[in-house]
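Heads up: the structure comes next, in structure tokens.
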Amino acid sequence: MKTITAEPYLDIHCGLGEGPFWEENKNVLRFVDIVNKSVWYVDLAVGPSSARKHDYEYSIGVTCDLQGTEDKILFGGKHGVGIADKHSSEYRYIQRFWTQEEVQKGNEERMRANDGAIDSQGRFWVSAFNDPSITKLEPVGILFRLDTDGSFHRMIEGLTIPNGISWTPDDKTMYFTDSGAQSIFAYDFDAATGNISNKRVFFRVEEEGCAPDGHTMDVEGNLWVAIWGGWKVVRVNPEGKVTAEIKVPTRCPTSAVIAGEDIYITSEADPELDKYPESKRYSGGVFKVHVGIAGRRPYKARVPV
């Protein structure tokens with residue numbers, strides 16, 4: 001099995017770096033810091049010195065591109081799905097997660113968005129769960145789907161830590177990570193309707209204290225999966241087997257994206273530095289290594305805004 005090592009790229013110590021996204025047309029790396037309520041942008045042609053961020057009133061968990069605009073992004077945030085300006089901290093919600101009854105029960109306070117992705121038809125799949133900085137983790141998380149007609153659906157419930165989502169190149173299978181179950185599940189996917197069925201385990205992390213977190217897919221259909229707690233990102237082939245490993249100089253990598261043929265990896269501030277002091281130096285940083293393969297291009301959202 002091939003093993004390579006990622007080097008520090010941005011030494012910024014995010015509270016929870018997540019959601020890396022490559023804006024191919026501008027060669028810009030975009031990612032979020034959920035804990036510090038920021039969205040970062042880095043011009044990869046210029047390098048780390050170009051890093052800038054916008055801070056928001058509430059946390060943003062994931063961002064996606066919107067069809068028909070270069071100046072705004074779609075996001076999954078603290079209270080729902082929204083639109084944010086790329087050049088300022090302006091934002092607005094277009095779809096709240098919770099009913100009025102759920103708001104009264106405290107869902108807006110104790111829960112937040114975590115991860116999401118756009119499918120081939122332009123629908124936005126986005127999850128919400130108990131914010132571990134506010135309350136304990138419980139199986140109350142939900143995977144939502146915002147359709148192109150504006151309808152909003154609850155697709156999977158009872159999740160502890162809903163995470164990365166992607167679809168196979170033939171668009172017949174959806175991968176969805178439940179970090180609380182230490183697994184990436186596969187579902188049959190109907191692109192025409194957005195329906196999912198036939199849940200089964202695709203990949204499971206057996207190491208104690210570790211879990212699959214966010215992931216990205218390359219053009220050959222391999223997943224590059226951040227293993228939170230494991231000091232690594234692994235390449236998982238379409239048969240669910242690990243075929244390569246990227247070592248990361250901090251314990252808690254969170255997600256990855258391929259830009260060109262380089263992979264960029266986000267991470268979280270290690271919550272157990274007393275046990276893992278060697279994780280501190282680059283904890284919350286962004287890392288980079290050449291992998292020699294391109295990533296699949298993400299779809300753009302076509303939801304009403």
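Every chain in the structure tokens has a letter given in the order shown (A, B, ...), and although residue numbers restart at 1 in each chain, ligands are simply numbered from 1 in the order shown.
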Backbone-only DSSP, alpha helix (DSSP H) members of range 14-127 of chain A, as a list in words:
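Selecting the alpha helix (DSSP H) positions of range 14-127 of chain A gives Gln100, Glu101, Glu102, Val103, Gln104, Asn107, Glu108, Glu109 and Arg110 of chain A.
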Create the file for the chosen residues now, containing C-alpha atoms and written as an mmCIF file, in the first residue's frame.
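Saved to out-v1.cif:
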```
data_model
loop_
_atom_site.group_PDB
_atom_site.id
_atom_site.type_symbol
_atom_site.label_atom_id
_atom_site.label_comp_id
_atom_site.auth_asym_id
_atom_site.auth_seq_id
_atom_site.Cartn_x
_atom_site.Cartn_y
_atom_site.Cartn_z
ATOM 1 C CA GLN A 100 -41.848 26.183 14.956
ATOM 2 C CA GLU A 101 -42.514 23.380 17.420
ATOM 3 C CA GLU A 102 -38.924 22.142 17.101
ATOM 4 C CA VAL A 103 -37.610 25.689 17.564
ATOM 5 C CA GLN A 104 -39.574 25.917 20.809
ATOM 6 C CA ASN A 107 -33.361 22.727 18.195
ATOM 7 C CA GLU A 108 -32.058 26.050 16.848
ATOM 8 C CA GLU A 109 -29.912 26.567 19.931
ATOM 9 C CA ARG A 110 -28.420 23.113 20.375
#
```
Which residues are near Val233 in chain A? Cut-off 6 Å, only C-alpha atoms, ignore same chain within fewer than 5 positions. Put them as a ChimeraX atom specification.
/A:225-227,245-246
Within 8 Å of range 171-185 of chain A, counting only C-alpha atoms, which residues show up once you throw out same-chain ones fewer than 6 positions away? Write them as a PyMOL selection string, please.
chain A and resi 120+159-165+191+196+199-206+210-214
Write out, as a compact mmCIF listing (two decimals), in the first residue's frame, the residues just selected, with N, CA and C atoms.
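Output file out-v8.txt follows:
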```
# COMPACT_ATOMS: atom_id res chain seq x y z
N SER A 120 -26.39 15.41 -8.82
CA SER A 120 -26.31 15.68 -10.26
C SER A 120 -27.46 16.52 -10.78
N LEU A 159 -29.49 10.15 13.37
CA LEU A 159 -28.05 10.16 13.16
C LEU A 159 -27.33 10.83 14.33
N THR A 160 -26.14 10.35 14.64
CA THR A 160 -25.35 10.95 15.71
C THR A 160 -24.41 12.03 15.17
N ILE A 161 -23.55 11.64 14.20
CA ILE A 161 -22.63 12.61 13.57
C ILE A 161 -22.70 12.42 12.06
N PRO A 162 -23.71 12.97 11.40
CA PRO A 162 -23.80 12.87 9.94
C PRO A 162 -22.66 13.63 9.29
N ASN A 163 -22.11 13.05 8.22
CA ASN A 163 -20.90 13.66 7.66
C ASN A 163 -20.88 13.59 6.13
N GLY A 164 -19.71 13.28 5.53
CA GLY A 164 -19.50 13.44 4.10
C GLY A 164 -20.48 12.69 3.21
N ILE A 165 -20.73 13.27 2.03
CA ILE A 165 -21.66 12.72 1.04
C ILE A 165 -21.02 12.79 -0.34
N ALA A 191 -31.43 9.14 -9.39
CA ALA A 191 -31.15 10.54 -9.70
C ALA A 191 -32.40 11.31 -10.09
N ILE A 196 -33.43 7.35 -2.05
CA ILE A 196 -32.34 6.44 -1.69
C ILE A 196 -32.93 5.20 -1.04
N LYS A 199 -29.73 0.44 2.09
CA LYS A 199 -28.57 0.85 2.89
C LYS A 199 -27.68 -0.36 3.20
N ARG A 200 -26.36 -0.17 3.04
CA ARG A 200 -25.40 -1.19 3.44
C ARG A 200 -24.08 -0.51 3.79
N VAL A 201 -23.24 -1.20 4.56
CA VAL A 201 -21.94 -0.66 4.94
C VAL A 201 -20.99 -0.75 3.74
N PHE A 202 -20.38 0.38 3.38
CA PHE A 202 -19.37 0.40 2.32
C PHE A 202 -17.96 0.34 2.90
N PHE A 203 -17.75 1.09 3.99
CA PHE A 203 -16.41 1.17 4.58
C PHE A 203 -16.57 1.45 6.07
N ARG A 204 -15.81 0.73 6.88
CA ARG A 204 -15.89 0.92 8.32
C ARG A 204 -14.50 1.07 8.92
N VAL A 205 -14.37 1.99 9.87
CA VAL A 205 -13.11 2.19 10.59
C VAL A 205 -13.20 1.42 11.90
N GLU A 206 -12.28 0.50 12.11
CA GLU A 206 -12.33 -0.36 13.29
C GLU A 206 -11.50 0.17 14.45
N CYS A 210 -11.29 6.40 16.51
CA CYS A 210 -11.18 6.93 15.15
C CYS A 210 -12.52 6.82 14.43
N ALA A 211 -12.73 7.67 13.43
CA ALA A 211 -13.96 7.61 12.66
C ALA A 211 -13.75 8.25 11.30
N PRO A 212 -14.46 7.77 10.27
CA PRO A 212 -14.42 8.48 8.99
C PRO A 212 -15.13 9.81 9.14
N ASP A 213 -14.52 10.84 8.58
CA ASP A 213 -15.09 12.19 8.65
C ASP A 213 -15.47 12.60 7.22
N GLY A 214 -15.09 13.78 6.78
CA GLY A 214 -15.40 14.19 5.42
C GLY A 214 -14.57 13.45 4.39
```
Which polymer residues have any atom within 12 Å of an atom of Ser50 in chain A, counting only C-alpha atoms, with same-chain residues fewer than 3 positions away left out, as a PyMOL selection string?
chain A and resi 10+28-30+40-47+53
Keeping only C-alpha atoms, write those residues as a PDB file, in the first residue's frame.
```
ATOM      1  CA  LEU A  10      -1.784  26.952   6.250  1.00  0.00           C
ATOM      2  CA  VAL A  28      -9.241  29.271  -5.051  1.00  0.00           C
ATOM      3  CA  LEU A  29      -9.409  26.971  -2.053  1.00  0.00           C
ATOM      4  CA  ARG A  30     -12.429  27.665   0.160  1.00  0.00           C
ATOM      5  CA  TRP A  40     -11.676  31.182   4.367  1.00  0.00           C
ATOM      6  CA  TYR A  41     -10.443  31.775   0.803  1.00  0.00           C
ATOM      7  CA  VAL A  42      -6.927  31.094  -0.521  1.00  0.00           C
ATOM      8  CA  ASP A  43      -5.681  31.924  -4.033  1.00  0.00           C
ATOM      9  CA  LEU A  44      -3.650  28.801  -4.777  1.00  0.00           C
ATOM     10  CA  ALA A  45      -1.643  30.550  -7.502  1.00  0.00           C
ATOM     11  CA  VAL A  46      -0.405  33.054  -4.898  1.00  0.00           C
ATOM     12  CA  GLY A  47      -0.214  30.734  -1.925  1.00  0.00           C
ATOM     13  CA  LYS A  53     -11.618  35.169   5.739  1.00  0.00           C
TER      14      LYS A  53
END
```
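Comparing the minimum interatomic distances between Val305 in chain A and each of A:Tyr9, A:Tyr56, A:Tyr264, A:Tyr93, counting only C-alpha atoms, we find that A:Tyr93 sits nearest.
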Those in range 71-282 of chain A with strand (DSSP E) from DSSP, as a PyMOL selection string:
chain A and resi 72-77+80-85+91-96+111-118+124-130+141-146+152-159+162-167+173-178+183-189+196-204+211-217+223-228+232-236+242-247+253-259+262-267
Name all residues at most 9 Å from Gly77 in chain A (count only C-alpha atoms; drop same-chain ones fewer than 4 positions away) and give them as a PyMOL selection string.
chain A and resi 58-63+81-82+93+112-114+128
Which of these, A:Ala192, A:Val219, A:Val248, A:Ile142, has the shortest distance to Pro169 in chain A once you count only C-alpha atoms?
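Nearest to Pro169 in chain A: A:Val219.
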Nearest candidate to Gly19 in chain A (options A:Tyr187, A:Arg154, A:Glu220, A:Thr266; using only C-alpha atoms)
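Checking each candidate against Gly19 in chain A, we get A:Thr266 as the closest.
Reported to one decimal place, the separation of CA of Asp147 in chain A from CA of Arg302 in chain A is 8.1 Å.
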Name all residues at most 7 Å from range 275-280 of chain A (count only C-alpha atoms; drop same-chain ones fewer than 3 positions away) and give them as number ranges by chain.
A: 249-251, 270, 272, 283
Could those selected residues go to a file with N, CA and C atoms, as a short mmCIF file (atom, residue, chain, number, x, y, z; two decimals), in the first residue's frame?
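File selection-v8.cif, as written:
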```cif
data_model
loop_
_atom_site.label_atom_id
_atom_site.label_comp_id
_atom_site.auth_asym_id
_atom_site.auth_seq_id
_atom_site.Cartn_x
_atom_site.Cartn_y
_atom_site.Cartn_z
N PRO A 249 0.24 15.50 10.04
CA PRO A 249 0.96 15.78 11.29
C PRO A 249 0.10 16.33 12.42
N THR A 250 -1.16 15.96 12.45
CA THR A 250 -2.02 16.23 13.60
C THR A 250 -3.06 15.12 13.65
N ARG A 251 -3.66 14.92 14.81
CA ARG A 251 -4.46 13.70 15.02
C ARG A 251 -5.83 13.74 14.38
N ASP A 270 -7.25 19.71 18.25
CA ASP A 270 -7.35 18.44 18.96
C ASP A 270 -7.99 18.64 20.33
N GLU A 272 -8.05 16.61 22.78
CA GLU A 272 -7.40 15.82 23.83
C GLU A 272 -5.88 16.04 23.82
N SER A 283 -2.29 21.44 14.94
CA SER A 283 -3.71 21.20 15.20
C SER A 283 -4.56 22.33 14.62
#
```
For Cys14 in chain A, list every protein, DNA or RNA residue within 6 Å, evaluated using only C-alpha atoms, and leave out those in the same chain fewer than 2 positions away; present the list as JSON, numbers by chain.
{"A": [12, 16, 17, 33, 284]}
